[in-house]
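Accompanying notes for the structure given below.
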Amino acid sequence: MEFTAASCQVVLDKVSGLIINQVGLICNIDDEIRKLQRTLSKVQTMVNYLENHGGLVNYRNGALKMFVEDVDRFTYDADDLLDSIFLKLPAITNKTNLFNDHLHAQVFNMIISSPKKLGIPNKINKMKKNLEIIASQMETLYVYLPKLDFMDKNPTMNHITLGKSSFMGDSSLVDYDAVIGREDDKKELIKRLVAEGSNEICNVSVIPIVGMGGIGKTTIAQLAYNDVQVKDVLKLRMWVSVSTKTFDLIKITKSIIESATETSCSLSDLNPLQAKLQSLLKDKRFLLVLDDVWNEKPGDWDILFTSLQVGGKGSKVIVTTRSEVVSSIVGQGLVYNLKPLTDDECWKVMEHKAFSNVNLMEDDNLTEIGRNIAKKCKGLPLAAKVLGSVLHFKSSEQDWISILESDLWDLPEDKNEIFPSLALSYHHLPAHLKKCFAYCSIFPLNYQFVMDELVLIWMAEGFIWPRGQIRLEDIGNEYFMDLAWRSFFHFSHTLDVDGFSKRVYVMHDLIHDLAHLVSSNTCFPLENNFSQYSHVEFKNPRHLSLQLNSMQTVQLKAPNWLKNLRTFILVSENSSCLDQVPYELFTKLKSVRVLNLSHAGINELPGSIDCMKHLRYLNLSKTNICKLPESITKLCGLQTLNLTDCTSFLELPVNLKNLTNLRHLDLDVKRQLRSMPSGLGSLTKIQTLSAFIVGDEGGRTISELKNMQLLRGSICITNLEKVSNATEVREASLDQKSYIDKLILEWKHIRTTSDQQMEILQYLKPHKNVKNLVIKKYSGPMFPFWLTDPLCRFRTIELQTCQNCRNLPSPGFLRFLKSLYIGCMPSLALIGREFCGNPNVTAFPALETLIFEDMPNLREWNDLTVSDMPKLHELTIMDCPLLIGLPTLYGLNVLHSLNIAQCPNLESLSEGGLPDSLSSLIILQCPQIKSRCRVRDGEDWEKIQNVRKIEIDYQRLESSISGLWI
């Protein structure tokens, strides 16, 4: 019901937008739009009233549920109609054009014409009448509401799938600040883990952690998994989220291997997987966590445990489960029953969240009310955490009392005592967050959410409404972080993608169950194929994901009951499951806003893509597609087009410039893309443009970037040899694009003189906010001065294959530079003081990593003072065959890693010795250094004998600091 109220609000916002922009006046439908607005407001008021008198409790009443389903259906239809108006009136938001006679005539012709001769006014009026009928029927509930007993004494909960279908769930990371009342549990579990196990029959013992959902089983496992003492004893640690009732042995075994090796595994049969796992674990003392196990079949466990038994004596397996049956099967008498928190501990968890609000002052009255609310959490920390987040946003005593006395506490628990608490937290979400949260139910349980990607989908669905001049993406980021703060998402780990760190989030399985419940009329996660489902099973399908688990090829033939679908997301790890998209599919899915075919094995899209007029988000990443149909350029509402990791992609549509609402175009320049289409500069709303391939004819030159002032993130500008003159570069105005974080400048072939390249690079000066800079195959004789401007905020710089540069720039002046890579510079013979700059000023004050590679004529690096590079952690010098000397490195007092490879003429290590901080020294194919570093009698042995890890030509040397071979 509350999802329905949120849907009404979204449509109301759009109607208000039409009125504010005077669309009704220009279309001669102002009265009809205002009537629709009033009717929607009336329906929303009734839904809100019923929500506030029981919410999810009332929803179980059959008649009321039917009303709500009807409201859902009609509000979605209204949204589709309003969206059509916006799509057909691209100039409507430009108020200066509203009363242009030509535009007025176009609009009038549009609204009175349609395939069925029913114009927009007729459709609005019909929609208004349908909603009025629902409103009048719902009005009768006002009279009877106090008399109705909406609570079914023995209710049957809507079906909720509790099993998880993915192995990418909860990570081993833990939020220590949020853990309260578990210190004794942590100590006991660690004690069991580090025990030698000498009295045990098997090398590997299993410790099941048992308890109800939300009690903190995963948290306790995380605490132990990350403990220093456990890490020292059990050096090989693996974490796998099982979370499925089907207990797929192949997937579980594969996930264990991938966790152990931290690399993907391509094996797909059980026998070779078991052999691989046994080879990894043999005689090694390990810790394996199998999180959230449901399977109660002893035979499946026996097969898995057979592969684990080869581990060393004292190895441990932690199994977290809600099932006493599972614990009895795997427990071997070591079951750890996790008890609920005390009421005081629950209050401490809530208090930690609630009183972090600077506008909410802690007082005795609020504390007393809060303690009474804590008692209703029944010792479950997840319940306390989410309720604390609710209280954080409630500033008055009466607000806290209303939560304490809410009818939602009377929700049926259905063997799940936490559910009323979660339902209450959802009930108090703002309408815009309810919609965004409930939508996430279509993603598989344990799905890894990346905020930026999810926000683009929310935008496409129209869940994010403009607010002043703030970017929709930024508003969406606020939505996501608000939900994360309220514990509807929790942080899992960080991904590094193209030099950018992306935080990954997951949903607790019970939170996901709640999302499924509140969106069960419209959101449907399906498996394998449409054909196995009947339209009777679905009331109002609008958002759908299809998870392909089978290895067999699936044919997508959408039934007619999906005609109003707004989201279609394909979820598959096996690209061979889908190799083509039938032409008829897109002709049926005319209302789709979000289409995600990522990982499919398709190599083309049918031309019928232009039937999907409402499409805003298209994800074709990791497919075999080689080009897009030209008809895609008719999708004037398209906002996001993702073509990353499409290794066969050759060309973009000729008329891509027609997609004037395109905001994000993700593609890989490192692949086969030949050129950019002409006129791309007209896409002035574009923010993400991963690559721009410079052409030498009109409409394809670098000057097309001129009006793309909103560009941000990473952009690679390649084929710079095709720039004919500096004027084109100046017009591109790179120095005005303040949102770009990473800039890659690349020449492919030498077509211009060195002096021309130098002039072009001078005018390619980026904005000072650029953090990551890469220059490839530049053939000028020197670098421009902007590369060493102290006002620039470069964090990383890569200079690759700069053939004619005889001197390095002076990046030592850059205050924020953390990483510097210089590679393949055959004309460079000496690195002197100019590299660091003024000897009286500390050079490279923030540098942490420095790499020199492939310098065939470099003979010497010198003139490094003791004050330079005070934060350098890692120094690597590779493939410098003529290098004979290094500067004094003793002053690098935080250097911990020194790597030298393929430097056969290097005569010795740094004069004056190496810094005491050095903990790792790796030398490869440096015969003179190898001879001087012989154990005890080598000339440089004294310089290195205190280094903890020494490796020369892949052999470890004895370290005097440990007295052992390491």
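Labels used: A, B, ... for chains in the order of the structure tokens, numbers from 1 for residues in each chain, and numbers from 1 for ligands as shown.
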_Quick one: residues within 10 Å of range 905-920 of chain A, only C-alpha atoms, excluding same-chain residues fewer than 2 positions away - as a VMD selection string?_
chain A and resid 859 to 860 873 to 874 880 to 900 902 to 903 922 926 to 933 939 to 940 942 to 944 946 to 951
*Close residues, Cys377 in chain A itself excluded, 10 Å, only C-alpha atoms, min 6 positions apart in chain, as a list in words*: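 The residues that qualify are Pro340, Leu341, Thr342, Asp343, Cys346, Trp347, Met350, Ala383, Ala384, Lys385, Leu387, Trp409, Glu417, Ile418, Phe419, Pro420, Ser421 and Leu422 of chain A.
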Restricted to C-alpha atoms, what would the selected residues look like written as a CSV table (one decimal), in the first residue's frame?
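File produced: selection-v7.csv:
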```
chain,number,residue,atom,x,y,z
A,340,PRO,CA,19.6,-12.3,21.6
A,341,LEU,CA,20.9,-9.0,23.0
A,342,THR,CA,19.5,-7.7,26.3
A,343,ASP,CA,17.0,-4.8,26.2
A,346,CYS,CA,19.3,-3.1,22.1
A,347,TRP,CA,18.8,0.4,23.4
A,350,MET,CA,19.3,2.3,18.8
A,383,ALA,CA,15.8,-4.5,14.4
A,384,ALA,CA,17.4,-2.1,16.8
A,385,LYS,CA,19.7,-0.6,14.1
A,387,LEU,CA,14.6,1.5,14.3
A,409,TRP,CA,4.0,-4.0,16.0
A,417,GLU,CA,10.2,-11.9,15.0
A,418,ILE,CA,12.2,-9.1,13.3
A,419,PHE,CA,9.6,-8.4,10.6
A,420,PRO,CA,7.4,-5.9,12.5
A,421,SER,CA,10.5,-3.8,13.2
A,422,LEU,CA,11.5,-3.7,9.6
```
*asked:* What does the structure give for the distance between CA of Leu548 in chain A and CA of Lys251 in chain A, in Å to one decimal?
replied: 14.3 Å
_Polymer residues at most 12 Å from Val233 in chain A, only C-alpha atoms, same-chain spacing of 2 or more positions, as a ChimeraX atom specification_ = /A:190-196,224-231,235-237,284-287,312-316
Produce a file of the selected residues containing N, CA and C atoms, as a short mmCIF file (atom, residue, chain, number, x, y, z; two decimals), in the first residue's frame.
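Saved to part-v6.cif:
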```
data_model
loop_
_atom_site.label_atom_id
_atom_site.label_comp_id
_atom_site.auth_asym_id
_atom_site.auth_seq_id
_atom_site.Cartn_x
_atom_site.Cartn_y
_atom_site.Cartn_z
N ILE A 190 36.62 -16.86 18.86
CA ILE A 190 38.05 -16.81 18.55
C ILE A 190 38.79 -17.92 19.28
N LYS A 191 38.42 -18.16 20.53
CA LYS A 191 39.04 -19.22 21.31
C LYS A 191 38.88 -20.56 20.61
N ARG A 192 37.70 -20.82 20.08
CA ARG A 192 37.47 -22.09 19.37
C ARG A 192 38.26 -22.15 18.07
N LEU A 193 38.41 -21.02 17.40
CA LEU A 193 39.09 -21.02 16.11
C LEU A 193 40.58 -21.26 16.23
N VAL A 194 41.21 -20.69 17.25
CA VAL A 194 42.66 -20.81 17.36
C VAL A 194 43.11 -22.06 18.10
N ALA A 195 42.13 -22.82 18.62
CA ALA A 195 42.48 -24.08 19.30
C ALA A 195 43.20 -25.01 18.33
N GLU A 196 44.18 -25.74 18.83
CA GLU A 196 45.02 -26.58 17.97
C GLU A 196 44.24 -27.71 17.32
N ALA A 224 35.30 -12.42 14.06
CA ALA A 224 36.32 -13.44 14.24
C ALA A 224 37.23 -13.55 13.01
N TYR A 225 36.64 -13.50 11.85
CA TYR A 225 37.37 -13.64 10.58
C TYR A 225 38.46 -12.58 10.45
N ASN A 226 38.18 -11.37 10.94
CA ASN A 226 39.12 -10.25 10.80
C ASN A 226 40.01 -10.05 12.02
N ASP A 227 39.91 -10.91 13.02
CA ASP A 227 40.73 -10.77 14.22
C ASP A 227 42.19 -11.08 13.90
N VAL A 228 43.11 -10.28 14.47
CA VAL A 228 44.54 -10.44 14.21
C VAL A 228 45.03 -11.81 14.66
N GLN A 229 44.56 -12.28 15.80
CA GLN A 229 45.00 -13.57 16.32
C GLN A 229 44.58 -14.70 15.39
N VAL A 230 43.37 -14.61 14.86
CA VAL A 230 42.88 -15.63 13.93
C VAL A 230 43.68 -15.59 12.64
N LYS A 231 44.00 -14.39 12.15
CA LYS A 231 44.79 -14.26 10.92
C LYS A 231 46.16 -14.89 11.06
N LYS A 235 46.13 -18.73 8.32
CA LYS A 235 46.61 -17.76 7.34
C LYS A 235 45.81 -17.80 6.04
N LEU A 236 45.29 -18.95 5.67
CA LEU A 236 44.45 -19.04 4.48
C LEU A 236 43.00 -18.90 4.92
N ARG A 237 42.37 -17.79 4.52
CA ARG A 237 40.98 -17.54 4.95
C ARG A 237 40.10 -17.35 3.72
N LYS A 284 47.22 -27.33 4.48
CA LYS A 284 47.23 -25.93 4.92
C LYS A 284 46.17 -25.73 5.99
N ARG A 285 46.53 -24.99 7.02
CA ARG A 285 45.58 -24.70 8.09
C ARG A 285 44.74 -23.49 7.67
N PHE A 286 43.47 -23.70 7.46
CA PHE A 286 42.63 -22.66 6.87
C PHE A 286 41.39 -22.36 7.72
N LEU A 287 40.77 -21.24 7.39
CA LEU A 287 39.46 -20.88 7.93
C LEU A 287 38.53 -20.63 6.75
N GLY A 312 45.09 -28.80 6.77
CA GLY A 312 45.99 -29.10 7.87
C GLY A 312 45.27 -29.21 9.19
N LYS A 313 45.92 -29.83 10.16
CA LYS A 313 45.36 -30.03 11.50
C LYS A 313 45.02 -28.68 12.12
N GLY A 314 43.79 -28.58 12.63
CA GLY A 314 43.36 -27.33 13.27
C GLY A 314 42.60 -26.41 12.35
N SER A 315 42.35 -26.84 11.10
CA SER A 315 41.54 -26.02 10.18
C SER A 315 40.11 -25.93 10.70
N LYS A 316 39.45 -24.82 10.39
CA LYS A 316 38.11 -24.59 10.90
C LYS A 316 37.17 -24.14 9.78
#
```
_7 Å contact set for Lys871 in chain A, only C-alpha atoms, chain neighbours under 5 positions out, as a PyMOL selection string_ = chain A and resi 845-848+894
Limited to C-alpha atoms, could you put the picked residues into a file as a short mmCIF file (atom, residue, chain, number, x, y, z; two decimals), in the first residue's frame?
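Final output, saved to selection.cif:
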```
data_model
loop_
_atom_site.label_atom_id
_atom_site.label_comp_id
_atom_site.auth_asym_id
_atom_site.auth_seq_id
_atom_site.Cartn_x
_atom_site.Cartn_y
_atom_site.Cartn_z
CA PRO A 845 55.71 15.82 -0.90
CA ALA A 846 52.84 13.32 -1.35
CA LEU A 847 54.35 10.71 -3.73
CA GLU A 848 53.82 7.10 -2.58
CA VAL A 894 59.14 5.24 4.80
#
```
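Here the question is which of A:Leu82, A:Val242, A:Leu273, A:Val518 gets nearest to Ile257 in chain A using only C-alpha atoms, and that residue is A:Leu273.
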Quick one: everything within 8 Å of Leu643 in chain A, counting only C-alpha atoms, minus sequence neighbours fewer than 2 positions away in the same chain. Send it as a PDB file with C-alpha atoms, in the first residue's frame.
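Once written, out.pdb looks like this:
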```pdb
ATOM      1  CA  ASN A 619      22.891  -1.734 -20.877  1.00  0.00           C
ATOM      2  CA  LEU A 620      24.631  -3.941 -23.449  1.00  0.00           C
ATOM      3  CA  SER A 621      27.927  -4.322 -21.585  1.00  0.00           C
ATOM      4  CA  LYS A 622      29.885  -7.577 -21.860  1.00  0.00           C
ATOM      5  CA  LEU A 641      23.869   3.716 -23.122  1.00  0.00           C
ATOM      6  CA  ASP A 645      33.576  -4.571 -22.422  1.00  0.00           C
ATOM      7  CA  CYS A 646      31.973  -5.116 -25.834  1.00  0.00           C
ATOM      8  CA  LEU A 665      27.735   6.949 -23.029  1.00  0.00           C
ATOM      9  CA  ASP A 666      30.071   4.259 -21.681  1.00  0.00           C
ATOM     10  CA  LEU A 667      32.374   2.568 -24.180  1.00  0.00           C
ATOM     11  CA  ASP A 668      35.940   1.253 -24.415  1.00  0.00           C
TER      12      ASP A 668
END
```
*Residues near Leu597 in chain A, cut-off 12 Å, only C-alpha atoms, skip fewer than 4 positions along chain, as an MDAnalysis selection string*: chainID A and resid 545:548 556 567:573 575 577:581 601:605 617:625 641:643
For Ile442 in chain A, please output as a CSV table (one decimal) with N, CA and C atoms, in the first residue's frame all residues within 10 Å (counting only C-alpha atoms; exclusion window: fewer than 5 positions along the same chain).
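Final output, out_37.csv:
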```
chain,number,residue,atom,x,y,z
A,447,TYR,N,22.6,-9.4,-4.3
A,447,TYR,CA,23.1,-8.7,-5.5
A,447,TYR,C,24.0,-7.6,-5.0
A,512,HIS,N,15.7,-7.5,2.1
A,512,HIS,CA,15.3,-7.9,0.7
A,512,HIS,C,13.9,-8.5,0.7
A,515,ALA,N,11.4,-5.7,0.9
A,515,ALA,CA,11.2,-5.1,-0.4
A,515,ALA,C,10.3,-5.9,-1.3
A,516,HIS,N,10.5,-7.2,-1.3
A,516,HIS,CA,9.7,-8.1,-2.1
A,516,HIS,C,8.2,-8.0,-1.7
A,519,SER,N,6.4,-4.7,-2.7
A,519,SER,CA,6.3,-4.4,-4.1
A,519,SER,C,5.8,-5.6,-4.9
A,520,SER,N,5.2,-6.6,-4.2
A,520,SER,CA,4.8,-7.9,-4.8
A,520,SER,C,3.8,-7.8,-5.9
A,522,THR,N,3.9,-5.5,-8.3
A,522,THR,CA,4.5,-4.9,-9.6
A,522,THR,C,5.9,-5.4,-9.9
A,523,CYS,N,6.6,-5.9,-8.9
A,523,CYS,CA,8.0,-6.3,-9.1
A,523,CYS,C,8.1,-7.8,-9.0
A,524,PHE,N,8.8,-8.4,-10.1
A,524,PHE,CA,8.8,-9.9,-10.1
A,524,PHE,C,10.2,-10.4,-10.6
A,525,PRO,N,11.0,-11.0,-9.7
A,525,PRO,CA,12.2,-11.7,-10.1
A,525,PRO,C,11.8,-13.1,-10.6
A,526,LEU,N,12.1,-13.4,-11.8
A,526,LEU,CA,11.7,-14.7,-12.4
A,526,LEU,C,13.0,-15.5,-12.7
A,543,HIS,N,7.9,-4.3,-13.3
A,543,HIS,CA,9.3,-4.4,-13.2
A,543,HIS,C,9.7,-5.9,-13.1
A,544,LEU,N,10.6,-6.3,-13.9
A,544,LEU,CA,10.9,-7.8,-14.0
A,544,LEU,C,12.4,-8.0,-14.2
A,545,SER,N,12.9,-9.0,-13.5
A,545,SER,CA,14.2,-9.5,-13.8
A,545,SER,C,14.1,-11.0,-14.2
A,546,LEU,N,14.9,-11.5,-15.1
A,546,LEU,CA,14.9,-12.9,-15.5
A,546,LEU,C,16.3,-13.4,-15.3
A,567,THR,N,10.5,-2.4,-16.7
A,567,THR,CA,11.9,-2.8,-16.5
A,567,THR,C,12.1,-4.2,-16.9
A,568,PHE,N,13.1,-4.5,-17.7
A,568,PHE,CA,13.5,-5.9,-18.0
A,568,PHE,C,15.0,-6.0,-17.9
A,569,ILE,N,15.4,-6.8,-16.9
A,569,ILE,CA,16.8,-7.0,-16.5
A,569,ILE,C,17.1,-8.4,-16.7
```
*DSSP strand (DSSP E) selection over range 462-702 of chain A, as a VMD selection string*: chain A and resid 490 to 497 500 to 506 523 to 527 543 to 547 567 to 571 594 to 596 617 to 619 640 to 642 664 to 666 688 to 689 691 to 693
*DSSP helix (DSSP H, G or I) residues within range 751-945 of chain A, listed as a VMD selection string*: chain A and resid 754 to 763 785 to 788 811 to 813 833 to 835 927 to 932 941 to 944
Could you save those same residues with C-alpha atoms as a PDB file, in the first residue's frame?
```
ATOM      1  CA  SER A 754      57.233  16.923 -33.152  1.00  0.00           C
ATOM      2  CA  ASP A 755      56.800  20.690 -32.915  1.00  0.00           C
ATOM      3  CA  GLN A 756      53.135  20.429 -33.951  1.00  0.00           C
ATOM      4  CA  GLN A 757      52.550  17.773 -31.302  1.00  0.00           C
ATOM      5  CA  MET A 758      54.186  19.970 -28.689  1.00  0.00           C
ATOM      6  CA  GLU A 759      51.876  22.873 -29.596  1.00  0.00           C
ATOM      7  CA  ILE A 760      48.818  20.618 -29.544  1.00  0.00           C
ATOM      8  CA  LEU A 761      49.711  19.168 -26.140  1.00  0.00           C
ATOM      9  CA  GLN A 762      50.236  22.685 -24.803  1.00  0.00           C
ATOM     10  CA  TYR A 763      46.613  23.559 -25.678  1.00  0.00           C
ATOM     11  CA  PHE A 785      54.724  23.661 -18.404  1.00  0.00           C
ATOM     12  CA  TRP A 786      51.155  22.944 -17.259  1.00  0.00           C
ATOM     13  CA  LEU A 787      52.246  19.384 -16.465  1.00  0.00           C
ATOM     14  CA  THR A 788      54.220  20.699 -13.497  1.00  0.00           C
ATOM     15  CA  PRO A 811      56.548  16.910 -11.390  1.00  0.00           C
ATOM     16  CA  GLY A 812      58.289  17.334  -8.043  1.00  0.00           C
ATOM     17  CA  PHE A 813      56.340  20.583  -7.671  1.00  0.00           C
ATOM     18  CA  ARG A 833      67.781  17.452 -10.472  1.00  0.00           C
ATOM     19  CA  GLU A 834      65.306  18.913 -12.975  1.00  0.00           C
ATOM     20  CA  PHE A 835      63.100  15.913 -12.231  1.00  0.00           C
ATOM     21  CA  PRO A 927      73.769 -10.212 -12.176  1.00  0.00           C
ATOM     22  CA  GLN A 928      76.085  -7.609 -10.619  1.00  0.00           C
ATOM     23  CA  ILE A 929      73.626  -6.820  -7.846  1.00  0.00           C
ATOM     24  CA  LYS A 930      73.007 -10.520  -7.302  1.00  0.00           C
ATOM     25  CA  SER A 931      76.730 -11.101  -6.792  1.00  0.00           C
ATOM     26  CA  ARG A 932      77.074  -8.156  -4.376  1.00  0.00           C
ATOM     27  CA  TRP A 941      75.021  -7.706   2.219  1.00  0.00           C
ATOM     28  CA  GLU A 942      75.296  -5.259   5.088  1.00  0.00           C
ATOM     29  CA  LYS A 943      72.931  -2.899   3.253  1.00  0.00           C
ATOM     30  CA  ILE A 944      70.203  -5.499   2.965  1.00  0.00           C
TER      31      ILE A 944
END
```
*Atom-to-atom span, CA of Leu673 in chain A and CA of Lys627 in chain A, Å*: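 Taking CA of Leu673 in chain A and CA of Lys627 in chain A, their separation equals 9.4 Å.
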*Point-to-point distance from CA of Asp735 in chain A to CA of Leu662 in chain A, Å rounded to tenths*: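 Taking CA of Asp735 in chain A as the start and CA of Leu662 in chain A as the end point, the length is 23.0 Å.
The shortest atom-to-atom distance to Thr218 in chain A, with only C-alpha atoms taken into account, belongs to A:Thr320 out of A:Ser492, A:Thr718, A:Thr320, A:Ser259.
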